[in-house]
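> There's a structure below that I have some questions on.
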Amino acid sequence: MTKNSAEARRSILDSATLMFGRNGFARTGTEQIADHAGYSQATIFFHFKTKAGLLEACLEDALARATTNLVAADTSGTLQLAERLDRAFDDHPTAEFLGRMLVEFGDNSTIKPVYAAFHEHVRQLIAAELERDTGVGGRRAYVAAAAILSMMVGIHAEQRLETIRFDRRDFREMLLNVTQLLLHQLGRPDGAGP
């Protein structure tokens, strides 16, 4: 097969993540992935058994990398966290892959819980920053965190569709403005807010 099995596996995962993200699962063949990675199809099947097994490994790898990159920094604040989370989506093959797979397989009983766990991780990070920034905790911080995450997911879907009227800076500004509004609302002394 190859002298360096770990290197082959990594190269195949990177190629598959890139190609599945660009073209989708159904329109990407294992032969294309093998050619892109510089290995044979036999190497793919040796490491992953099937195309579905390769997809599963790509998803696990992408979510593990994304989760590792989202470890709370130094309690830098909700706005900075929202900006860091938003930047994680900039021209990145992992973000493209995760977005496309969510669209293609969002109702899949194997993949859906994995995404749900990842989104819960992100909501918890945001909620913790909101609590530190505003002193508001519990359900109010969690609901506000869910609103910020929903805005983020929506913005990234929208920016793939709307490429004429708004540029990347505009979408980032929208996200940060909504985050600021939620922070302001949570910090109001009358207790109004999410």
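Labels used: A, B, ... for chains in the order of the structure tokens, numbers from 1 for residues in each chain, and numbers from 1 for ligands as shown.
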When DSSP works through the backbone of this structure, what residues of region 18-147 of chain A end up as helix (DSSP H, G or I), shown as an MDAnalysis selection string?

chainID A and resid 18:23 30:37 41:48 51:69 78:87 93:105 111:134 138:147

> So which residues touch Ala95 (chain A) within 10 Å, counting only C-alpha atoms, skipping near sequence neighbours fewer than 2 positions away, as a list in words?

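My reading of the contact set: Thr17, Leu18, Gly21, Ala62, Leu63, Ala66, Ala88, Phe89, Asp90, Asp91, His92, Pro93, Phe97, Leu98, Gly99, Arg100, Met101 and His156 of chain A.
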
> Create the file for the chosen residues now, containing all heavy atoms and written as a short mmCIF file (atom, residue, chain, number, x, y, z; two decimals), in the first residue's frame.


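The result, written out as part.cif:
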```cif
data_model
loop_
_atom_site.label_atom_id
_atom_site.label_comp_id
_atom_site.auth_asym_id
_atom_site.auth_seq_id
_atom_site.Cartn_x
_atom_site.Cartn_y
_atom_site.Cartn_z
N THR A 17 -12.22 15.61 2.45
CA THR A 17 -12.89 16.75 3.07
C THR A 17 -13.03 17.89 2.08
O THR A 17 -14.10 18.49 1.94
CB THR A 17 -12.10 17.21 4.32
OG1 THR A 17 -12.10 16.14 5.27
CG2 THR A 17 -12.71 18.44 4.95
N LEU A 18 -11.96 18.18 1.36
CA LEU A 18 -11.98 19.24 0.36
C LEU A 18 -12.99 18.93 -0.75
O LEU A 18 -13.82 19.76 -1.10
CB LEU A 18 -10.58 19.41 -0.23
CG LEU A 18 -10.43 20.47 -1.31
CD1 LEU A 18 -10.55 21.86 -0.71
CD2 LEU A 18 -9.09 20.32 -2.01
N GLY A 21 -16.65 18.72 0.35
CA GLY A 21 -17.11 20.09 0.61
C GLY A 21 -17.41 20.86 -0.66
O GLY A 21 -18.36 21.64 -0.72
N ALA A 62 -13.28 16.34 11.03
CA ALA A 62 -13.63 17.76 10.90
C ALA A 62 -14.21 18.32 12.20
O ALA A 62 -13.85 19.41 12.63
CB ALA A 62 -14.62 17.95 9.75
N LEU A 63 -15.10 17.55 12.82
CA LEU A 63 -15.70 18.03 14.07
C LEU A 63 -14.69 18.05 15.21
O LEU A 63 -14.71 18.96 16.04
CB LEU A 63 -16.92 17.18 14.42
CG LEU A 63 -18.12 17.40 13.50
CD1 LEU A 63 -19.21 16.38 13.77
CD2 LEU A 63 -18.66 18.81 13.66
N ALA A 66 -12.63 21.17 14.54
CA ALA A 66 -13.42 22.37 14.82
C ALA A 66 -13.60 22.56 16.33
O ALA A 66 -13.45 23.67 16.84
CB ALA A 66 -14.78 22.28 14.12
N ALA A 88 -13.60 31.37 11.99
CA ALA A 88 -13.32 29.94 11.76
C ALA A 88 -13.95 29.45 10.46
O ALA A 88 -13.53 28.44 9.91
CB ALA A 88 -13.83 29.11 12.94
N PHE A 89 -14.94 30.19 9.95
CA PHE A 89 -15.61 29.79 8.72
C PHE A 89 -14.98 30.38 7.46
O PHE A 89 -15.39 30.05 6.36
CB PHE A 89 -17.08 30.22 8.76
CG PHE A 89 -17.91 29.39 9.69
CD1 PHE A 89 -18.10 29.78 11.00
CD2 PHE A 89 -18.50 28.22 9.24
CE1 PHE A 89 -18.87 29.01 11.86
CE2 PHE A 89 -19.27 27.45 10.09
CZ PHE A 89 -19.45 27.85 11.40
N ASP A 90 -14.03 31.28 7.61
CA ASP A 90 -13.46 31.96 6.45
C ASP A 90 -12.67 31.02 5.56
O ASP A 90 -11.65 30.48 5.97
CB ASP A 90 -12.55 33.12 6.89
CG ASP A 90 -13.33 34.33 7.33
OD1 ASP A 90 -14.53 34.39 7.04
OD2 ASP A 90 -12.72 35.23 7.95
N ASP A 91 -13.11 30.86 4.33
CA ASP A 91 -12.40 30.11 3.29
C ASP A 91 -11.67 28.89 3.83
O ASP A 91 -10.49 28.71 3.60
CB ASP A 91 -11.40 31.04 2.58
CG ASP A 91 -12.10 32.20 1.94
OD1 ASP A 91 -13.17 31.98 1.35
OD2 ASP A 91 -11.59 33.32 2.03
N HIS A 92 -12.36 28.05 4.51
CA HIS A 92 -11.73 26.90 5.14
C HIS A 92 -12.41 25.63 4.64
O HIS A 92 -13.62 25.50 4.73
CB HIS A 92 -11.87 27.02 6.66
CG HIS A 92 -10.95 26.14 7.41
ND1 HIS A 92 -11.25 24.82 7.65
CD2 HIS A 92 -9.74 26.34 7.96
CE1 HIS A 92 -10.27 24.26 8.34
NE2 HIS A 92 -9.35 25.17 8.53
N PRO A 93 -11.64 24.67 4.14
CA PRO A 93 -12.25 23.44 3.62
C PRO A 93 -13.10 22.70 4.66
O PRO A 93 -14.12 22.11 4.31
CB PRO A 93 -11.04 22.58 3.22
CG PRO A 93 -9.94 23.55 2.99
CD PRO A 93 -10.19 24.69 3.92
N PHE A 97 -16.96 21.74 4.11
CA PHE A 97 -17.36 20.34 4.26
C PHE A 97 -18.52 20.22 5.25
O PHE A 97 -19.54 19.59 4.96
CB PHE A 97 -16.16 19.50 4.71
CG PHE A 97 -16.53 18.11 5.14
CD1 PHE A 97 -16.85 17.14 4.20
CD2 PHE A 97 -16.55 17.77 6.48
CE1 PHE A 97 -17.20 15.85 4.60
CE2 PHE A 97 -16.89 16.50 6.88
CZ PHE A 97 -17.22 15.53 5.94
N LEU A 98 -18.36 20.81 6.43
CA LEU A 98 -19.40 20.70 7.45
C LEU A 98 -20.71 21.30 6.97
O LEU A 98 -21.79 20.73 7.18
CB LEU A 98 -18.94 21.36 8.75
CG LEU A 98 -17.82 20.64 9.49
CD1 LEU A 98 -17.33 21.48 10.67
CD2 LEU A 98 -18.27 19.27 9.97
N GLY A 99 -20.63 22.46 6.30
CA GLY A 99 -21.84 23.10 5.78
C GLY A 99 -22.55 22.23 4.75
O GLY A 99 -23.77 22.03 4.81
N ARG A 100 -21.80 21.71 3.81
CA ARG A 100 -22.42 20.89 2.75
C ARG A 100 -22.98 19.59 3.31
O ARG A 100 -24.06 19.15 2.93
CB ARG A 100 -21.43 20.59 1.64
CG ARG A 100 -22.14 19.87 0.49
CD ARG A 100 -21.28 19.69 -0.72
NE ARG A 100 -20.91 20.92 -1.37
CZ ARG A 100 -21.59 21.49 -2.36
NH1 ARG A 100 -22.71 20.95 -2.78
NH2 ARG A 100 -21.15 22.57 -2.94
N MET A 101 -22.26 18.97 4.23
CA MET A 101 -22.74 17.71 4.80
C MET A 101 -23.99 17.92 5.64
O MET A 101 -24.88 17.07 5.67
CB MET A 101 -21.65 17.01 5.61
CG MET A 101 -20.46 16.52 4.77
SD MET A 101 -20.88 15.45 3.37
CE MET A 101 -20.74 16.58 1.98
N HIS A 156 -23.88 32.45 7.64
CA HIS A 156 -22.99 31.68 6.77
C HIS A 156 -23.74 31.00 5.64
O HIS A 156 -23.21 30.85 4.55
CB HIS A 156 -22.13 30.73 7.59
CG HIS A 156 -21.10 31.47 8.36
ND1 HIS A 156 -19.95 31.94 7.80
CD2 HIS A 156 -21.10 31.92 9.64
CE1 HIS A 156 -19.27 32.62 8.69
NE2 HIS A 156 -19.94 32.63 9.82
#
```

> Counting only C-alpha atoms, which residue out of A:Asn4, A:Glu173, A:Ala144, A:Thr30 sits closest to Ala52 (chain A)?

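Using only C-alpha atoms, the shortest distance to Ala52 (chain A) belongs to A:Thr30.
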
> What gap, in Å, lies between CA of Ala16 (chain A) and CA of Ile33 (chain A)?

5.6 Å

> Neighbours of region 177-185 of chain A within 12 Å (only C-alpha atoms; same-chain residues fewer than 6 positions away dropped), as a PyMOL selection string?

chain A and resi 77-83+86+126-127+129-136+140-152+155+170-171+191-194

> Pick the closest to His47 (chain A) from A:Arg123, A:Arg139, A:Arg10, A:Arg87: which is it, counting only C-alpha atoms?

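Ranked by minimum distance to His47 (chain A), first place goes to A:Arg10.
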
> Separation of CA of Ser40 (chain A) and CA of Ser15 (chain A), in Å?

12.7 Å

> Do you know which residues are at most 10 Å from Ile111 (chain A) counting only C-alpha atoms, after dropping those on the same chain fewer than 2 positions away, and could you put them as a CSV table (one decimal) with C-alpha atoms, in the first residue's frame?


```csv
chain,number,residue,atom,x,y,z
A,56,GLU,CA,-17.8,9.1,8.6
A,59,LEU,CA,-16.9,14.1,9.7
A,60,GLU,CA,-15.3,12.8,12.9
A,101,MET,CA,-22.7,17.7,4.8
A,102,LEU,CA,-25.3,19.4,7.1
A,105,PHE,CA,-27.3,14.7,5.6
A,106,GLY,CA,-29.0,16.9,8.2
A,107,ASP,CA,-31.8,14.4,8.7
A,108,ASN,CA,-29.5,11.4,8.9
A,109,SER,CA,-29.9,9.6,12.2
A,113,PRO,CA,-26.6,13.8,16.7
A,114,VAL,CA,-23.0,14.6,15.9
A,115,TYR,CA,-23.9,18.1,14.6
A,116,ALA,CA,-26.2,18.6,17.6
```

> Find the residue from A:Met174, A:Leu54, A:Thr163, A:Glu96 that sits nearest to Arg22 (chain A); use only C-alpha atoms when measuring.

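Ranked by minimum distance to Arg22 (chain A), first place goes to A:Glu96.
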
> Mind pulling up the distance from CA of Asn23 (chain A) to CA of Asp35 (chain A)?

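About the pair CA of Asp35 (chain A) and CA of Asn23 (chain A): they are 15.3 Å apart.
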